[in-house]
Amino acid sequence: MIKLLLVISLNLNSKKRHKMNIIVSIKKLSVELMKLEVYYPINKANAQPGQYFNLSTQEDAIPVKAFVDEVKNEKISLIIPHKYQNQLLNISVGDKLYSLNGPYGISFEYKKNESILCLAEGDCVMLYSLIKDLTRKNNKVTTILINTSKNQVLIEKIRQVSNNFQVLTLDRQKLTNNSL
């Protein structure tokens, strides 16, 4: 493993190494969500929506959990939920992250043009990117959220990328229904 990392490191020219982990863009999706795009020239093609990275802005900082949104053109787009944003108040485009570790979480392969049921209970931040990726690949996605967070902007974004959508409360009462 060390030899492989050494070979990758040697194959990167000094310009790419210098830019590694640089914040390319910061976008506030809502009060609850932030999207961070980071330049990372080492191939992270195995990172998929639904997985996450831990990032730190300083050596002694508590790592922030950031969910994979997209991986393309030597950049990783990460969605950061509100509960971690206080640790990132002072970051700006052009800043270099101290560390970016991952991907973590279970990845899975899925085919195109299938019908998929996504069920989630509790915090559903990582689900948005996963459903967006599934529908982009022409899958029909039915989403059911149970006892989900109060993040109405996120719930609306998930509803928009789902083909069928429903939210249930603790007592399983229907709150929202979109052609399910």
# chains A, B, ... in the order shown; residues from 1 in each chain; ligands from 1
$ residues_around --residues "segment 62-70 of chain A" --least-positions-apart "3" --cutoff "7 Å" --atoms "only C-alpha atoms" --output "count of residues only"
17
$ select_by_dssp --residues "segment 37-99 of chain A" --states "alpha helix (DSSP H)" --output "PyMOL selection string"
chain A and resi 82-85
$ residues_around --residues "segment 150-167 of chain A" --least-positions-apart "5" --cutoff "12 Å" --atoms "only C-alpha atoms" --output "PyMOL selection string"
chain A and resi 28-34+79-83+115-145+172-180
$ write_last_selection --atoms "C-alpha atoms" --output "short mmCIF file (atom, residue, chain, number, x, y, z; two decimals), in the first residue's frame"
data_model
loop_
_atom_site.label_atom_id
_atom_site.label_comp_id
_atom_site.auth_asym_id
_atom_site.auth_seq_id
_atom_site.Cartn_x
_atom_site.Cartn_y
_atom_site.Cartn_z
CA LYS A 28 -24.69 27.68 0.31
CA LEU A 29 -27.54 25.43 -0.88
CA SER A 30 -29.73 26.51 2.02
CA VAL A 31 -29.46 27.48 5.68
CA GLU A 32 -29.09 23.76 6.36
CA LEU A 33 -26.71 22.68 3.57
CA MET A 34 -23.36 23.74 2.15
CA ILE A 79 -22.45 18.20 0.84
CA ILE A 80 -21.99 19.38 4.44
CA PRO A 81 -24.97 19.39 6.82
CA HIS A 82 -25.69 22.31 9.14
CA LYS A 83 -24.44 20.58 12.30
CA SER A 115 -36.93 0.59 -10.27
CA ILE A 116 -35.32 1.33 -6.90
CA LEU A 117 -36.87 1.87 -3.48
CA CYS A 118 -34.93 4.14 -1.09
CA LEU A 119 -35.99 4.03 2.55
CA ALA A 120 -34.40 6.31 5.13
CA GLU A 121 -35.00 7.06 8.76
CA GLY A 122 -33.54 10.05 10.59
CA ASP A 123 -30.89 12.27 8.98
CA CYS A 124 -31.08 11.93 5.19
CA VAL A 125 -28.32 14.25 3.92
CA MET A 126 -26.41 11.53 2.08
CA LEU A 127 -29.59 10.28 0.41
CA TYR A 128 -30.01 13.40 -1.75
CA SER A 129 -26.80 12.82 -3.75
CA LEU A 130 -27.48 9.11 -4.06
CA ILE A 131 -31.02 9.59 -5.42
CA LYS A 132 -29.83 12.34 -7.76
CA ASP A 133 -27.21 9.95 -9.16
CA LEU A 134 -29.71 7.10 -9.48
CA THR A 135 -32.25 9.19 -11.41
CA ARG A 136 -29.50 10.66 -13.59
CA LYS A 137 -28.85 7.08 -14.72
CA ASN A 138 -32.51 6.65 -15.77
CA ASN A 139 -33.61 4.65 -12.75
CA LYS A 140 -37.13 5.10 -11.37
CA VAL A 141 -36.65 5.96 -7.69
CA THR A 142 -39.34 5.74 -5.03
CA THR A 143 -38.27 7.42 -1.80
CA ILE A 144 -39.86 6.96 1.61
CA LEU A 145 -38.50 9.04 4.49
CA ARG A 172 -46.33 6.38 10.22
CA GLN A 173 -48.92 8.97 9.26
CA LYS A 174 -48.47 10.27 5.70
CA LEU A 175 -47.23 13.86 5.63
CA THR A 176 -46.37 14.27 1.96
CA ASN A 177 -47.30 12.26 -1.07
CA ASN A 178 -46.16 12.64 -4.65
CA SER A 179 -47.79 10.05 -6.93
CA LEU A 180 -46.91 7.06 -4.73
#
$ closest_residue --among "A:Ile91, A:Tyr98, A:Met20, A:Val71" --to "Ala47 of chain A" --atoms "only C-alpha atoms"
A:Val71
$ atom_distance --atom1 "atom CA of Ile26 of chain A" --atom2 "atom CA of Val93 of chain A"
6.6 Å
$ atom_distance --atom1 "atom CA of Tyr40 of chain A" --atom2 "atom CA of Gly94 of chain A"
13.0 Å
$ atom_distance --atom1 "atom CA of Gln58 of chain A" --atom2 "atom CA of Leu36 of chain A"
16.5 Å
$ select_by_dssp --residues "segment 36-122 of chain A" --states "strand (DSSP E or B)" --output "PyMOL selection string"
chain A and resi 36-39+49+51-56+64-72+75-81+96+99-104+115-121
$ closest_residue --among "A:Ser107, A:Asn101, A:Thr169, A:Thr57" --to "Leu89 of chain A" --atoms "only C-alpha atoms"
A:Thr57
$ decode --residues "segment 92-177 of chain A" --atoms "C-alpha atoms" --output "mmCIF file, in the first residue's frame"
data_model
loop_
_atom_site.group_PDB
_atom_site.id
_atom_site.type_symbol
_atom_site.label_atom_id
_atom_site.label_comp_id
_atom_site.auth_asym_id
_atom_site.auth_seq_id
_atom_site.Cartn_x
_atom_site.Cartn_y
_atom_site.Cartn_z
ATOM 1 C CA SER A 92 -12.739 30.524 1.746
ATOM 2 C CA VAL A 93 -12.242 29.569 -1.879
ATOM 3 C CA GLY A 94 -8.523 28.985 -2.377
ATOM 4 C CA ASP A 95 -7.923 27.681 1.164
ATOM 5 C CA LYS A 96 -6.199 24.337 1.525
ATOM 6 C CA LEU A 97 -7.786 21.635 3.674
ATOM 7 C CA TYR A 98 -5.478 20.067 6.230
ATOM 8 C CA SER A 99 -6.841 16.602 5.463
ATOM 9 C CA LEU A 100 -9.424 14.868 3.295
ATOM 10 C CA ASN A 101 -9.822 11.206 4.229
ATOM 11 C CA GLY A 102 -12.157 8.685 2.670
ATOM 12 C CA PRO A 103 -14.318 7.539 1.115
ATOM 13 C CA TYR A 104 -16.096 5.827 3.979
ATOM 14 C CA GLY A 105 -19.393 4.010 3.954
ATOM 15 C CA ILE A 106 -20.596 1.154 1.833
ATOM 16 C CA SER A 107 -20.687 1.680 -1.902
ATOM 17 C CA PHE A 108 -22.792 -0.447 -4.180
ATOM 18 C CA GLU A 109 -23.275 -0.884 -7.877
ATOM 19 C CA TYR A 110 -26.607 -0.497 -9.573
ATOM 20 C CA LYS A 111 -27.739 -0.866 -13.126
ATOM 21 C CA LYS A 112 -29.456 1.692 -15.309
ATOM 22 C CA ASN A 113 -33.195 1.686 -16.055
ATOM 23 C CA GLU A 114 -34.273 -0.117 -12.873
ATOM 24 C CA SER A 115 -36.927 0.593 -10.269
ATOM 25 C CA ILE A 116 -35.316 1.331 -6.897
ATOM 26 C CA LEU A 117 -36.873 1.865 -3.478
ATOM 27 C CA CYS A 118 -34.928 4.137 -1.087
ATOM 28 C CA LEU A 119 -35.992 4.034 2.555
ATOM 29 C CA ALA A 120 -34.402 6.313 5.134
ATOM 30 C CA GLU A 121 -35.004 7.064 8.764
ATOM 31 C CA GLY A 122 -33.535 10.052 10.586
ATOM 32 C CA ASP A 123 -30.895 12.273 8.976
ATOM 33 C CA CYS A 124 -31.083 11.929 5.195
ATOM 34 C CA VAL A 125 -28.316 14.251 3.920
ATOM 35 C CA MET A 126 -26.409 11.534 2.076
ATOM 36 C CA LEU A 127 -29.593 10.281 0.414
ATOM 37 C CA TYR A 128 -30.005 13.396 -1.754
ATOM 38 C CA SER A 129 -26.797 12.815 -3.748
ATOM 39 C CA LEU A 130 -27.480 9.110 -4.058
ATOM 40 C CA ILE A 131 -31.020 9.594 -5.424
ATOM 41 C CA LYS A 132 -29.832 12.343 -7.761
ATOM 42 C CA ASP A 133 -27.211 9.950 -9.163
ATOM 43 C CA LEU A 134 -29.710 7.098 -9.476
ATOM 44 C CA THR A 135 -32.249 9.190 -11.411
ATOM 45 C CA ARG A 136 -29.501 10.660 -13.590
ATOM 46 C CA LYS A 137 -28.853 7.077 -14.720
ATOM 47 C CA ASN A 138 -32.509 6.650 -15.768
ATOM 48 C CA ASN A 139 -33.611 4.652 -12.748
ATOM 49 C CA LYS A 140 -37.129 5.099 -11.370
ATOM 50 C CA VAL A 141 -36.651 5.963 -7.695
ATOM 51 C CA THR A 142 -39.344 5.740 -5.034
ATOM 52 C CA THR A 143 -38.274 7.424 -1.800
ATOM 53 C CA ILE A 144 -39.855 6.959 1.613
ATOM 54 C CA LEU A 145 -38.496 9.041 4.492
ATOM 55 C CA ILE A 146 -39.458 8.008 8.030
ATOM 56 C CA ASN A 147 -39.016 10.287 11.059
ATOM 57 C CA THR A 148 -36.723 12.449 9.007
ATOM 58 C CA SER A 149 -34.968 15.641 10.030
ATOM 59 C CA LYS A 150 -36.858 18.919 10.049
ATOM 60 C CA ASN A 151 -34.722 20.158 7.153
ATOM 61 C CA GLN A 152 -37.526 21.156 4.785
ATOM 62 C CA VAL A 153 -35.140 22.412 2.079
ATOM 63 C CA LEU A 154 -33.373 19.049 1.959
ATOM 64 C CA ILE A 155 -36.665 17.161 1.989
ATOM 65 C CA GLU A 156 -37.868 19.297 -0.940
ATOM 66 C CA LYS A 157 -34.620 18.646 -2.873
ATOM 67 C CA ILE A 158 -35.041 14.892 -2.324
ATOM 68 C CA ARG A 159 -38.671 15.130 -3.458
ATOM 69 C CA GLN A 160 -37.585 16.935 -6.638
ATOM 70 C CA VAL A 161 -35.083 14.239 -7.660
ATOM 71 C CA SER A 162 -37.327 11.301 -6.724
ATOM 72 C CA ASN A 163 -39.877 9.873 -9.144
ATOM 73 C CA ASN A 164 -42.202 8.971 -6.255
ATOM 74 C CA PHE A 165 -41.909 10.414 -2.774
ATOM 75 C CA GLN A 166 -43.457 10.053 0.674
ATOM 76 C CA VAL A 167 -42.641 11.218 4.218
ATOM 77 C CA LEU A 168 -44.017 9.376 7.255
ATOM 78 C CA THR A 169 -44.084 10.592 10.874
ATOM 79 C CA LEU A 170 -43.258 8.529 13.957
ATOM 80 C CA ASP A 171 -46.761 7.090 13.970
ATOM 81 C CA ARG A 172 -46.327 6.381 10.223
ATOM 82 C CA GLN A 173 -48.922 8.974 9.261
ATOM 83 C CA LYS A 174 -48.472 10.270 5.704
ATOM 84 C CA LEU A 175 -47.231 13.865 5.628
ATOM 85 C CA THR A 176 -46.368 14.270 1.960
ATOM 86 C CA ASN A 177 -47.295 12.264 -1.066
#
